[in-house]
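Printed here is data34.txt (compact mmCIF, C-alpha atoms):
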```
# COMPACT_ATOMS: atom_id res chain seq x y z
CA MET A 1 72.89 35.78 -55.08
CA ARG A 2 71.02 36.26 -58.36
CA ASP A 3 68.41 38.48 -56.70
CA LEU A 4 71.09 40.34 -54.81
CA ILE A 5 73.10 41.10 -57.95
CA ARG A 6 69.96 42.25 -59.74
CA GLY A 7 69.10 44.59 -56.91
CA GLY A 8 66.27 42.47 -55.57
CA VAL A 9 65.14 41.58 -52.07
CA VAL A 10 67.80 40.51 -49.58
CA THR A 11 66.84 37.43 -47.58
CA ASN A 12 67.69 36.82 -43.96
CA ASP A 13 70.56 34.53 -45.00
CA PRO A 14 73.60 35.83 -43.05
CA TYR A 15 75.98 35.41 -46.01
CA ILE A 16 73.68 37.22 -48.44
CA GLU A 17 73.19 39.95 -45.86
CA GLN A 18 76.96 40.32 -45.52
CA ALA A 19 77.41 40.28 -49.30
CA SER A 20 74.76 42.99 -49.69
CA ARG A 21 76.97 45.36 -47.70
CA SER A 22 80.15 44.53 -49.62
CA ILE A 23 82.04 46.78 -52.02
CA GLY A 24 82.28 43.67 -54.21
CA LEU A 25 78.54 43.80 -54.87
CA ALA A 26 78.72 47.37 -56.15
CA VAL A 27 81.80 46.55 -58.23
CA THR A 28 80.16 43.41 -59.64
CA ARG A 29 76.98 45.27 -60.59
CA ASP A 30 78.94 48.05 -62.25
CA THR A 31 81.22 45.58 -64.04
CA ILE A 32 78.20 43.73 -65.46
CA ARG A 33 76.63 47.03 -66.55
CA GLY A 34 79.90 48.40 -67.94
CA TRP A 35 80.51 45.24 -69.94
CA ARG A 36 76.98 45.40 -71.45
CA LEU A 37 77.47 49.03 -72.43
CA PHE A 38 80.91 48.31 -73.89
CA ARG A 39 79.78 45.30 -75.94
CA LEU A 40 76.61 47.02 -77.19
CA ARG A 41 78.54 50.14 -78.15
CA GLN A 42 80.89 47.93 -80.18
CA ASN A 43 78.16 45.80 -81.73
CA CYS A 44 75.58 48.53 -82.37
CA PRO A 45 77.76 51.63 -82.95
CA LEU A 46 75.26 53.54 -85.10
CA THR A 47 72.37 53.32 -82.68
CA ALA A 48 74.67 53.97 -79.70
CA ALA A 49 75.95 57.08 -81.47
CA ILE A 50 72.54 58.47 -82.35
CA LEU A 51 71.30 57.91 -78.81
CA GLY A 52 74.22 59.91 -77.44
CA ASP A 53 73.80 60.52 -73.71
CA ARG A 54 70.59 58.47 -73.71
CA PHE A 55 72.49 55.29 -74.63
CA PRO A 56 73.11 54.06 -71.02
CA GLU A 57 69.51 54.75 -70.06
CA VAL A 58 68.16 52.71 -72.99
CA VAL A 59 70.58 49.84 -72.22
CA ASP A 60 69.51 49.84 -68.57
CA ALA A 61 65.89 49.42 -69.66
CA ILE A 62 66.58 46.19 -71.60
CA ASP A 63 64.99 43.10 -70.12
CA CYS A 64 67.46 40.52 -71.46
CA ASP A 65 70.01 38.50 -69.51
CA SER A 66 71.40 36.55 -72.47
CA PRO A 67 75.19 36.23 -72.58
CA PHE A 68 75.00 36.20 -76.38
CA ILE A 69 75.61 39.54 -78.01
CA GLU A 70 73.16 38.88 -80.86
CA GLU A 71 70.27 38.47 -78.42
CA LEU A 72 71.37 41.41 -76.31
CA SER A 73 71.79 43.57 -79.42
CA ARG A 74 68.37 42.61 -80.70
CA ALA A 75 66.77 43.50 -77.35
CA PHE A 76 68.62 46.83 -77.36
CA LEU A 77 67.77 47.74 -80.94
CA GLU A 78 64.12 46.86 -80.47
CA ARG A 79 64.10 49.15 -77.45
CA ALA A 80 65.86 52.08 -79.13
CA MET A 81 62.78 53.71 -80.62
CA ASP A 82 63.07 57.19 -79.09
CA ASP A 83 62.07 59.10 -82.22
CA GLU A 84 61.58 58.47 -85.92
CA LEU A 85 65.25 58.79 -86.88
CA THR A 86 66.60 56.76 -83.94
CA ALA A 87 64.08 54.00 -84.67
CA CYS A 88 65.14 54.07 -88.29
CA VAL A 89 68.84 53.72 -87.45
CA ALA A 90 68.05 50.89 -85.00
CA ARG A 91 66.00 49.07 -87.67
CA PHE A 92 68.85 49.54 -90.14
CA GLU A 93 71.40 48.12 -87.71
CA LEU A 94 69.06 45.26 -86.85
CA ALA A 95 68.67 44.53 -90.56
CA MET A 96 72.48 44.46 -90.90
CA MET A 97 72.55 41.63 -88.34
CA SER A 98 69.67 39.66 -89.80
CA ASP A 99 69.60 36.92 -92.39
CA GLY A 100 67.95 37.72 -95.69
CA GLU A 101 66.97 41.08 -97.13
CA THR A 102 65.17 43.84 -95.23
CA ILE A 103 63.67 47.11 -96.44
CA VAL A 104 64.31 50.10 -94.20
CA ASP A 105 62.57 53.42 -94.86
CA TRP A 106 64.22 56.69 -93.93
CA PRO A 107 62.74 60.16 -93.42
CA CYS A 108 65.88 61.67 -94.99
CA ASP A 109 68.96 60.80 -97.02
CA PRO A 110 70.52 57.83 -95.14
CA TYR A 111 74.04 58.89 -96.13
CA GLU A 112 73.51 62.22 -94.34
CA VAL A 113 72.71 60.19 -91.21
CA LEU A 114 75.21 57.36 -91.46
CA ALA A 115 78.32 59.39 -92.30
CA PRO A 116 78.40 61.37 -89.01
CA LEU A 117 77.30 58.32 -86.99
CA LEU A 118 80.22 56.30 -88.35
CA ARG A 119 82.47 59.05 -86.96
CA GLY A 120 80.67 58.72 -83.62
CA GLU A 121 78.88 62.05 -84.11
CA ARG A 122 75.18 62.80 -84.14
CA PRO A 123 73.83 64.21 -87.42
CA ASP A 124 72.78 67.85 -87.68
CA ALA A 125 69.17 68.75 -88.42
CA LEU A 126 68.30 67.08 -91.72
CA GLU A 127 66.05 68.04 -94.56
CA ARG A 128 63.02 65.78 -94.92
CA ALA A 129 63.62 63.59 -97.98
CA PRO A 130 62.15 60.08 -97.70
CA HIS A 131 64.44 57.27 -98.93
CA ARG A 132 64.12 53.50 -99.00
CA THR A 133 67.07 51.13 -98.54
CA LEU A 134 67.44 47.42 -99.12
CA VAL A 135 69.73 45.88 -96.49
CA SER A 136 71.43 42.49 -96.62
CA ARG A 137 74.70 41.39 -95.09
CA THR A 138 75.38 39.24 -98.13
CA MET A 139 75.09 42.20 -100.54
CA ALA A 140 78.22 44.06 -101.66
CA GLY A 141 78.26 47.25 -99.60
CA ARG A 142 75.58 45.65 -97.40
CA PHE A 143 72.83 48.09 -98.46
CA ARG A 144 71.63 50.19 -101.35
CA ILE A 145 69.04 52.85 -101.95
CA ILE A 146 66.12 51.55 -104.00
CA MET B 1 108.39 21.77 -73.45
CA ILE B 2 105.86 24.29 -72.13
CA ARG B 3 103.78 25.75 -74.93
CA THR B 4 102.63 29.36 -74.86
CA GLY B 5 99.45 30.67 -76.34
CA ILE B 6 96.48 32.98 -76.33
CA ASN B 7 92.72 32.90 -76.49
CA TYR B 8 91.04 33.53 -79.83
CA GLU B 9 87.41 34.48 -80.45
CA GLY B 10 87.30 33.82 -84.19
CA ARG B 11 86.79 35.81 -87.39
CA ASP B 12 89.70 38.23 -86.98
CA PRO B 13 92.04 37.83 -89.97
CA ARG B 14 94.52 40.46 -88.72
CA PHE B 15 94.80 38.66 -85.39
CA VAL B 16 95.32 35.37 -87.22
CA GLU B 17 98.01 36.95 -89.37
CA THR B 18 99.83 38.94 -86.67
CA VAL B 19 99.42 37.09 -83.39
CA LEU B 20 98.54 33.46 -83.99
CA PRO B 21 101.83 32.54 -85.74
CA LEU B 22 103.43 33.16 -82.33
CA ALA B 23 100.97 30.92 -80.48
CA GLU B 24 101.69 27.27 -79.82
CA VAL B 25 98.32 26.86 -78.12
CA VAL B 26 95.11 28.60 -79.09
CA GLU B 27 92.45 28.70 -76.42
CA VAL B 28 88.88 28.78 -77.69
CA THR B 29 85.89 29.74 -75.59
CA PRO B 30 82.79 28.08 -77.05
CA ASP B 31 80.46 30.76 -75.73
CA ALA B 32 82.57 33.52 -77.31
CA ILE B 33 82.66 32.03 -80.81
CA ALA B 34 79.04 30.91 -80.90
CA THR B 35 76.27 32.78 -82.66
CA MET B 36 72.55 32.42 -82.19
CA ARG B 37 70.76 30.44 -84.89
CA GLY B 38 67.10 29.57 -84.51
CA GLY B 39 67.15 30.51 -80.85
CA ARG B 40 70.10 28.35 -79.88
CA PRO B 41 73.83 28.96 -79.86
CA VAL B 42 75.88 27.24 -82.55
CA ILE B 43 79.42 27.56 -83.80
CA PRO B 44 79.35 28.70 -87.43
CA SER B 45 80.88 26.32 -89.95
CA ASP B 46 83.37 28.94 -91.18
CA THR B 47 84.66 29.33 -87.61
CA LEU B 48 85.06 25.55 -87.34
CA ASP B 49 86.97 25.57 -90.64
CA GLU B 50 89.19 28.35 -89.35
CA LEU B 51 89.92 26.43 -86.13
CA ARG B 52 90.71 23.27 -88.10
CA ALA B 53 93.23 25.27 -90.12
CA ILE B 54 94.77 26.74 -86.95
CA SER B 55 95.01 23.26 -85.44
CA GLN B 56 97.50 22.34 -88.19
CA HIS B 57 100.17 24.41 -86.44
CA ALA B 58 98.95 24.93 -82.85
CA TRP B 59 97.16 22.99 -80.15
CA ILE B 60 93.53 23.95 -79.70
CA THR B 61 92.16 23.93 -76.17
CA ILE B 62 88.56 24.56 -75.14
CA HIS B 63 88.13 26.91 -72.19
CA GLY B 64 84.54 27.65 -71.34
CA VAL B 65 82.79 30.25 -69.25
CA GLY B 66 79.20 29.10 -69.59
CA LEU B 67 79.15 25.57 -68.19
CA SER B 68 78.18 26.71 -64.70
CA ILE B 69 79.48 23.51 -63.14
CA ALA B 70 78.64 24.68 -59.63
CA SER B 71 75.03 25.74 -60.22
CA ALA B 72 72.73 24.10 -57.72
CA ASP B 73 70.14 23.17 -60.37
CA ALA B 74 72.05 21.96 -63.44
CA MET B 75 74.98 22.49 -65.75
CA ASN B 76 74.29 24.44 -68.92
CA GLU B 77 73.31 21.93 -71.63
CA SER B 78 73.53 24.48 -74.44
CA TYR B 79 77.17 25.05 -73.48
CA LEU B 80 77.82 21.31 -73.62
CA ALA B 81 76.19 21.20 -77.07
CA LEU B 82 78.78 23.74 -78.24
CA VAL B 83 81.59 21.61 -76.82
CA ASP B 84 80.07 18.57 -78.59
CA GLN B 85 80.22 20.53 -81.83
CA LEU B 86 83.83 21.60 -81.31
CA MET B 87 84.99 18.16 -80.21
CA SER B 88 83.48 16.53 -83.28
CA HIS B 89 85.05 18.98 -85.76
CA VAL B 90 88.38 20.01 -84.29
CA ASP B 91 91.24 18.06 -82.74
CA VAL B 92 91.21 19.44 -79.20
CA ALA B 93 94.06 18.90 -76.71
CA TRP B 94 91.87 19.32 -73.62
CA HIS B 95 88.80 20.99 -72.21
CA SER B 96 88.66 23.26 -69.18
CA GLU B 97 86.20 25.38 -67.26
CA HIS B 98 85.91 27.58 -64.20
CA LEU B 99 85.04 26.35 -60.74
CA GLY B 100 82.07 28.65 -60.44
CA TYR B 101 78.48 29.28 -61.46
CA THR B 102 77.07 31.72 -63.99
CA THR B 103 73.40 30.78 -63.85
CA VAL B 104 70.77 30.40 -61.15
CA ASP B 105 67.59 28.55 -62.11
CA GLY B 106 68.70 28.82 -65.72
CA GLN B 107 68.99 32.62 -65.58
CA HIS B 108 72.32 34.21 -66.43
CA LEU B 109 73.94 36.30 -63.74
CA GLY B 110 76.20 38.26 -66.07
CA THR B 111 79.13 37.28 -63.87
CA MET B 112 80.76 34.19 -62.40
CA LEU B 113 80.48 33.41 -58.71
CA VAL B 114 82.45 31.15 -56.41
CA PRO B 115 80.49 28.25 -54.86
CA PRO B 116 80.53 27.54 -51.14
CA ARG B 117 83.27 25.04 -50.35
CA THR B 118 81.04 22.52 -48.59
CA ASP B 119 80.93 18.73 -48.79
CA GLU B 120 77.57 19.04 -50.56
CA ALA B 121 79.06 21.29 -53.26
CA LEU B 122 82.08 19.01 -53.53
CA GLU B 123 79.86 15.95 -54.19
CA LEU B 124 77.85 17.84 -56.80
CA ILE B 125 80.89 19.21 -58.62
CA CYS B 126 82.81 15.91 -58.58
CA ALA B 127 79.80 14.07 -60.02
CA ARG B 128 79.62 16.63 -62.83
CA VAL B 129 83.34 16.45 -63.52
CA GLY B 130 82.85 12.68 -63.87
CA GLU B 131 79.99 13.24 -66.34
CA ILE B 132 82.18 15.52 -68.45
CA GLN B 133 85.10 13.11 -68.36
CA ARG B 134 82.83 10.30 -69.57
CA ARG B 135 81.25 12.48 -72.26
CA TYR B 136 84.58 13.58 -73.79
CA ALA B 137 87.64 11.38 -74.07
CA LYS B 138 89.86 14.36 -73.31
CA PRO B 139 91.47 15.64 -70.11
CA PHE B 140 89.31 18.07 -68.15
CA LEU B 141 90.80 20.94 -66.10
CA LEU B 142 89.24 23.33 -63.59
CA GLU B 143 90.28 26.91 -62.82
CA HIS B 144 89.72 28.80 -59.59
CA VAL B 145 87.65 31.96 -59.91
CA VAL B 146 88.22 35.44 -58.49
CA ASN B 147 85.88 36.25 -55.63
CA LEU B 148 84.79 39.87 -55.17
CA PHE B 149 82.37 38.98 -52.39
CA PRO B 150 83.03 38.08 -48.77
CA GLU B 151 84.75 34.75 -48.16
CA VAL B 152 82.25 32.01 -49.07
CA GLY B 153 83.37 29.63 -46.34
CA GLY B 154 82.68 25.92 -46.01
CA GLU B 155 84.64 22.91 -44.86
CA TYR B 156 87.57 23.51 -47.22
CA SER B 157 90.05 26.25 -48.01
CA ALA B 158 90.15 27.49 -51.62
CA ALA B 159 93.23 25.40 -52.46
CA GLY B 160 92.01 22.45 -50.40
CA PHE B 161 88.71 22.37 -52.33
CA LEU B 162 90.54 22.30 -55.67
CA ASN B 163 92.88 19.59 -54.37
CA GLU B 164 89.98 17.42 -53.25
CA ILE B 165 88.19 17.73 -56.62
CA ALA B 166 91.41 16.83 -58.43
CA ARG B 167 92.08 13.92 -56.06
CA ARG B 168 88.58 12.44 -56.35
CA THR B 169 88.13 12.87 -60.09
CA GLY B 170 91.63 12.92 -61.54
CA CYS B 171 90.90 16.19 -63.30
CA GLY B 172 93.70 18.68 -63.85
CA LEU B 173 93.91 22.24 -62.60
CA ILE B 174 94.53 25.62 -64.18
CA LEU B 175 96.48 28.03 -62.04
CA ASP B 176 95.46 31.53 -63.07
CA VAL B 177 98.25 33.68 -61.70
CA TYR B 178 96.28 36.88 -62.19
CA ASN B 179 93.21 35.46 -60.43
CA LEU B 180 95.45 34.60 -57.52
CA GLU B 181 96.83 38.14 -57.55
CA CYS B 182 93.25 39.44 -57.43
CA ASP B 183 92.35 37.27 -54.44
CA VAL B 184 95.55 38.31 -52.67
CA HIS B 185 94.95 42.00 -53.41
CA ASN B 186 91.33 41.67 -52.27
CA GLY B 187 92.42 40.19 -48.95
CA LEU B 188 91.09 36.65 -49.40
CA CYS B 189 94.40 34.78 -49.12
CA THR B 190 98.14 35.09 -49.38
CA ALA B 191 99.90 33.80 -52.47
CA SER B 192 102.33 31.72 -50.42
CA ALA B 193 99.59 30.02 -48.39
CA PHE B 194 97.56 29.24 -51.52
CA LEU B 195 100.52 27.94 -53.51
CA ASP B 196 101.95 25.97 -50.59
CA GLU B 197 98.63 24.19 -50.11
CA LEU B 198 97.62 23.68 -53.75
CA ASP B 199 98.60 20.36 -55.32
CA LEU B 200 100.88 21.93 -57.92
CA ALA B 201 101.47 18.54 -59.57
CA ALA B 202 97.83 18.66 -60.73
CA VAL B 203 98.37 21.99 -62.52
CA ARG B 204 98.56 21.44 -66.29
CA GLU B 205 97.97 24.96 -67.49
CA ILE B 206 98.79 28.45 -66.23
CA HIS B 207 96.95 31.64 -67.16
CA VAL B 208 98.22 35.20 -67.07
CA ALA B 209 96.16 38.33 -67.65
CA ASN B 210 95.54 41.82 -66.36
CA GLY B 211 92.53 43.84 -65.35
CA THR B 212 91.68 46.92 -63.36
CA ILE B 213 91.36 48.18 -59.82
CA ASP B 214 87.90 49.39 -58.96
CA ARG B 215 87.15 50.95 -55.56
CA GLY B 216 90.19 49.19 -54.16
CA LEU B 217 89.29 45.74 -55.52
CA ARG B 218 91.38 44.08 -58.22
CA VAL B 219 89.00 42.87 -60.95
CA ASP B 220 89.74 40.20 -63.56
CA VAL B 221 88.40 41.82 -66.70
CA HIS B 222 91.26 40.61 -68.96
CA SER B 223 91.54 43.98 -70.61
CA ARG B 224 95.28 44.68 -70.99
CA VAL B 225 98.77 43.23 -71.16
CA THR B 226 100.27 41.72 -68.03
CA ARG B 227 102.04 43.63 -65.30
CA ASP B 228 105.65 43.00 -64.27
CA GLU B 229 104.36 41.56 -60.98
CA THR B 230 102.31 38.95 -62.83
CA ARG B 231 105.27 37.93 -64.97
CA ALA B 232 107.40 37.67 -61.82
CA MET B 233 104.84 35.39 -60.21
CA LEU B 234 104.73 33.28 -63.37
CA ARG B 235 108.49 32.82 -63.22
CA GLU B 236 108.17 31.91 -59.53
CA VAL B 237 105.50 29.23 -59.99
CA LEU B 238 106.83 27.60 -63.16
CA PRO B 239 109.62 25.64 -61.42
CA ARG B 240 107.07 24.40 -58.87
CA THR B 241 104.56 23.09 -61.42
CA PRO B 242 106.27 20.08 -63.04
CA ASN B 243 103.31 19.00 -65.17
CA VAL B 244 102.42 22.32 -66.78
CA GLU B 245 102.08 21.99 -70.54
CA ALA B 246 100.76 25.41 -71.49
CA VAL B 247 100.87 29.06 -70.43
CA ILE B 248 98.06 31.16 -71.86
CA PHE B 249 97.78 34.94 -72.00
CA GLU B 250 94.11 35.87 -71.84
CA LEU B 251 92.71 39.05 -73.37
CA LEU B 252 89.04 39.51 -74.11
CA GLY B 253 88.35 39.92 -77.82
CA PRO B 254 86.76 43.37 -77.59
CA TYR B 255 89.95 44.69 -75.92
CA ILE B 256 92.31 43.53 -78.67
CA GLY B 257 91.78 46.69 -80.69
CA LEU B 258 92.39 48.90 -77.65
CA THR B 259 95.53 46.98 -76.71
CA GLY B 260 96.95 46.81 -80.22
CA LEU B 261 98.01 43.72 -82.14
CA GLU B 262 101.72 44.42 -81.79
CA ALA B 263 101.42 44.73 -78.00
CA VAL B 264 99.55 41.41 -77.93
CA ALA B 265 102.23 39.79 -80.08
CA ASN B 266 104.93 41.17 -77.76
CA GLU B 267 103.11 39.68 -74.81
CA LEU B 268 103.35 36.25 -76.43
CA ARG B 269 107.06 36.72 -77.08
CA THR B 270 107.55 37.68 -73.42
CA MET B 271 105.61 34.63 -72.26
CA ARG B 272 107.70 32.40 -74.46
CA ASP B 273 110.91 33.85 -73.03
CA ALA B 274 109.62 33.33 -69.50
CA THR B 275 108.87 29.66 -70.09
CA ARG B 276 112.10 28.70 -71.88
```
Now, as a test, write the supplied structure out as structure tokens.
Amino acid sequence: MRDLIRGGVVTNDPYIEQASRSIGLAVTRDTIRGWRLFRLRQNCPLTAAILGDRFPEVVDAIDCDSPFIEELSRAFLERAMDDELTACVARFELAMMSDGETIVDWPCDPYEVLAPLLRGERPDALERAPHRTLVSRTMAGRFRII
Amino acid sequence: MIRTGINYEGRDPRFVETVLPLAEVVEVTPDAIATMRGGRPVIPSDTLDELRAISQHAWITIHGVGLSIASADAMNESYLALVDQLMSHVDVAWHSEHLGYTTVDGQHLGTMLVPPRTDEALELICARVGEIQRRYAKPFLLEHVVNLFPEVGGEYSAAGFLNEIARRTGCGLILDVYNLECDVHNGLCTASAFLDELDLAAVREIHVANGTIDRGLRVDVHSRVTRDETRAMLREVLPRTPNVEAVIFELLGPYIGLTGLEAVANELRTMRDATR
């Protein structure tokens, strides 16, 4: 059943063969996928927003079957490295979830990126202006420009 | 008195403030409140503190999804470690799980599947129920699972399999009214046949929930408040289940915001009215 759900080879087992033709298989696969997308969009909203239409494609490429959202989020954020800005947002979001302090470098003003993403919108073309942020979930405001 | 309650996934002060005062039972899913630390799931100490505080005014029950009691290879030890942690820090009324499997060879399926109802599976599951009963000095309950696949078959009917596990091990049962509605809608059984056959005296807890219909199949995603039909079935089964102690409304944490706290609170009030 595991291989069947994952889209793998169907054996000559009569039950598995019957299950492979069921609507339930398609519904189960889509429910699993839909739940992953939903949870990752909730847990990693900034990276999901900057990926836009590419978000489902990046999630589908994750090789992680963990039921724990931290592990799934980590796998997603490490995969979301489409371009310099997307990679930067993913590193920032990863740093927000990590223990300790992390430095994240930006090619532009992070506020110009984060403000639209928090509204679920992608930022417009931004002026190049390198910034460095220190991120820690124990810090008031959770990050600051250094 | 039948207590009414809801599941809680921790760290939601508004939920604690708005909804939990209405709950006489708070169902906790170890897998849902755990976080990863050093590569293994643990329940954070602040969550344990929060549950201890809640236990001052409501029963806490543990209701897992990750045990995988029907896996051919083994039960999930990391799940049991979470239950160990909860049991040692919080006064728990009982522990329950689903009669299904979520892992194959240690790999997560991302869903829960129904085991074949064979004598071999029965022996395996009963032995594991016994292990759990010895490990924790608390009642253990099993819940039937919605099946979206073709009928799994075996020597037992769905209700007969549950009855035999309860008879051999003395474990209790959870009757999930919405799961039953799903199986009925999906053509696997009729409600009357299932309820007539099930040993309703073994039922100690009832669940209600709601989900969606996808390509004609009713799916148990626990994503919204209950339908009138579900409440009607609850009222129908309550007089037939003399040993029920709790009715739980289940709503997955990520859907609380979409449902709205006041709607969730109203659901608890409705449940309470239905059980009084």
12 Å contact set for Gly38 (chain B), only C-alpha atoms, chain neighbours under 3 positions out, as a ChimeraX atom specification: /A:70-71,98-99 /B:35,41-42
Would you kindly report the residues of chain B within 10 Å of chain A, using only C-alpha atoms, as a ChimeraX atom specification? /B:31-37,39-41,66,102-105,107-113,147-153,186,213-219,221,254-255
Go ahead and compute the interatomic distance for CA of Arg167 (chain B) and CA of Val114 (chain B), in Å to one decimal. 19.7 Å
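As for CA of Val65 (chain B) and CA of Val10 (chain A), they are spaced 26.8 Å apart.
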Residues within 7 Å of Arg3 (chain B), only C-alpha atoms, excluding chain neighbours under 2 positions, as a PyMOL selection string: chain B and resi 1+5+24-25+245-247
Export C-alpha atoms of the chosen residues as a CSV table (one decimal), keeping the file's coordinate frame?
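Done, and the output landed in selection03.csv:
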```
chain,number,residue,atom,x,y,z
B,1,MET,CA,108.4,21.8,-73.4
B,5,GLY,CA,99.4,30.7,-76.3
B,24,GLU,CA,101.7,27.3,-79.8
B,25,VAL,CA,98.3,26.9,-78.1
B,245,GLU,CA,102.1,22.0,-70.5
B,246,ALA,CA,100.8,25.4,-71.5
B,247,VAL,CA,100.9,29.1,-70.4
```
For Thr118 (chain B): contacts at 8 Å, only C-alpha atoms, fewer than 4 positions along chain excluded, given as a list in words: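 Counting only the stated atoms, we get Leu122, Gly153, Gly154, Glu155 and Tyr156 of chain B.
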Between CA of Leu117 (chain A) and CA of Phe76 (chain A), what is the spacing in Å?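 These atoms are spaced 17.3 Å apart.
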For the point (92.6, 45.2, -66.1) in file coordinates, what residues are within 9 Å, counting only C-alpha atoms? Give the answer as a list in words?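 Answer for this query, in the requested form: Ala209, Asn210, Gly211, Thr212, Ile213, Arg218, Val219, Asp220, Val221, His222, Ser223, Arg224, Val225 and Thr226 of chain B.
Residue nearest Ile145 (chain A) within the list A:Gly52, A:Asp109, A:Leu126, A:Pro116: A:Asp109 [criterion: smallest interatomic distance, only C-alpha atoms].
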For region 46-54 of chain B, please output as a PyMOL selection string all residues within 12 Å (counting only C-alpha atoms; exclusion window: fewer than 2 positions along the same chain). chain B and resi 7-13+16-17+19-30+32-35+42-44+56-62+82-83+85-92
Surrounding residues of Met139 (chain A) excluding itself and chain neighbours under 3 positions, 12 Å, all atoms listed in the file, as an NGL selection string: :A and (96 or 99-102 or 134-136 or 142-144)
In file coordinates, which residues lie within 12 Å of (67.2, 52.0, -70.1) using all atoms listed in the file, given as a list in words? Arg33, Arg36, Leu37, Leu51, Asp53, Arg54, Phe55, Pro56, Glu57, Val58, Val59, Asp60, Ala61, Ile62, Asp63, Cys64, Ala75, Phe76, Leu77, Glu78, Arg79, Ala80, Met81 and Asp82 of chain A
May I have a table of the residues of region 187-218 of chain B lying at most 12 Å from region 227-237 of chain B, giving each one's closest pair of atoms and their distance in Å to one decimal, counting only C-alpha atoms, ordered by chain and ascending residue number, as a tab-separated table?
```
residue	atom	partner	partner_atom	distance
B:Ala191	CA	B:Met233	CA	9.3
B:Ser192	CA	B:Val237	CA	10.4
B:Phe194	CA	B:Val237	CA	11.6
B:Leu195	CA	B:Val237	CA	8.3
B:Asp196	CA	B:Val237	CA	10.6
B:Leu198	CA	B:Val237	CA	11.5
B:Leu200	CA	B:Val237	CA	8.9
B:Ala201	CA	B:Val237	CA	11.4
B:Val203	CA	B:Val237	CA	10.5
B:Glu205	CA	B:Val237	CA	11.5
B:Ile206	CA	B:Leu234	CA	8.2
B:His207	CA	B:Leu234	CA	8.8
B:Val208	CA	B:Thr230	CA	7.0
B:Ala209	CA	B:Thr230	CA	7.8
B:Asn210	CA	B:Arg227	CA	6.8
B:Gly211	CA	B:Arg227	CA	9.5
B:Thr212	CA	B:Arg227	CA	11.0
```
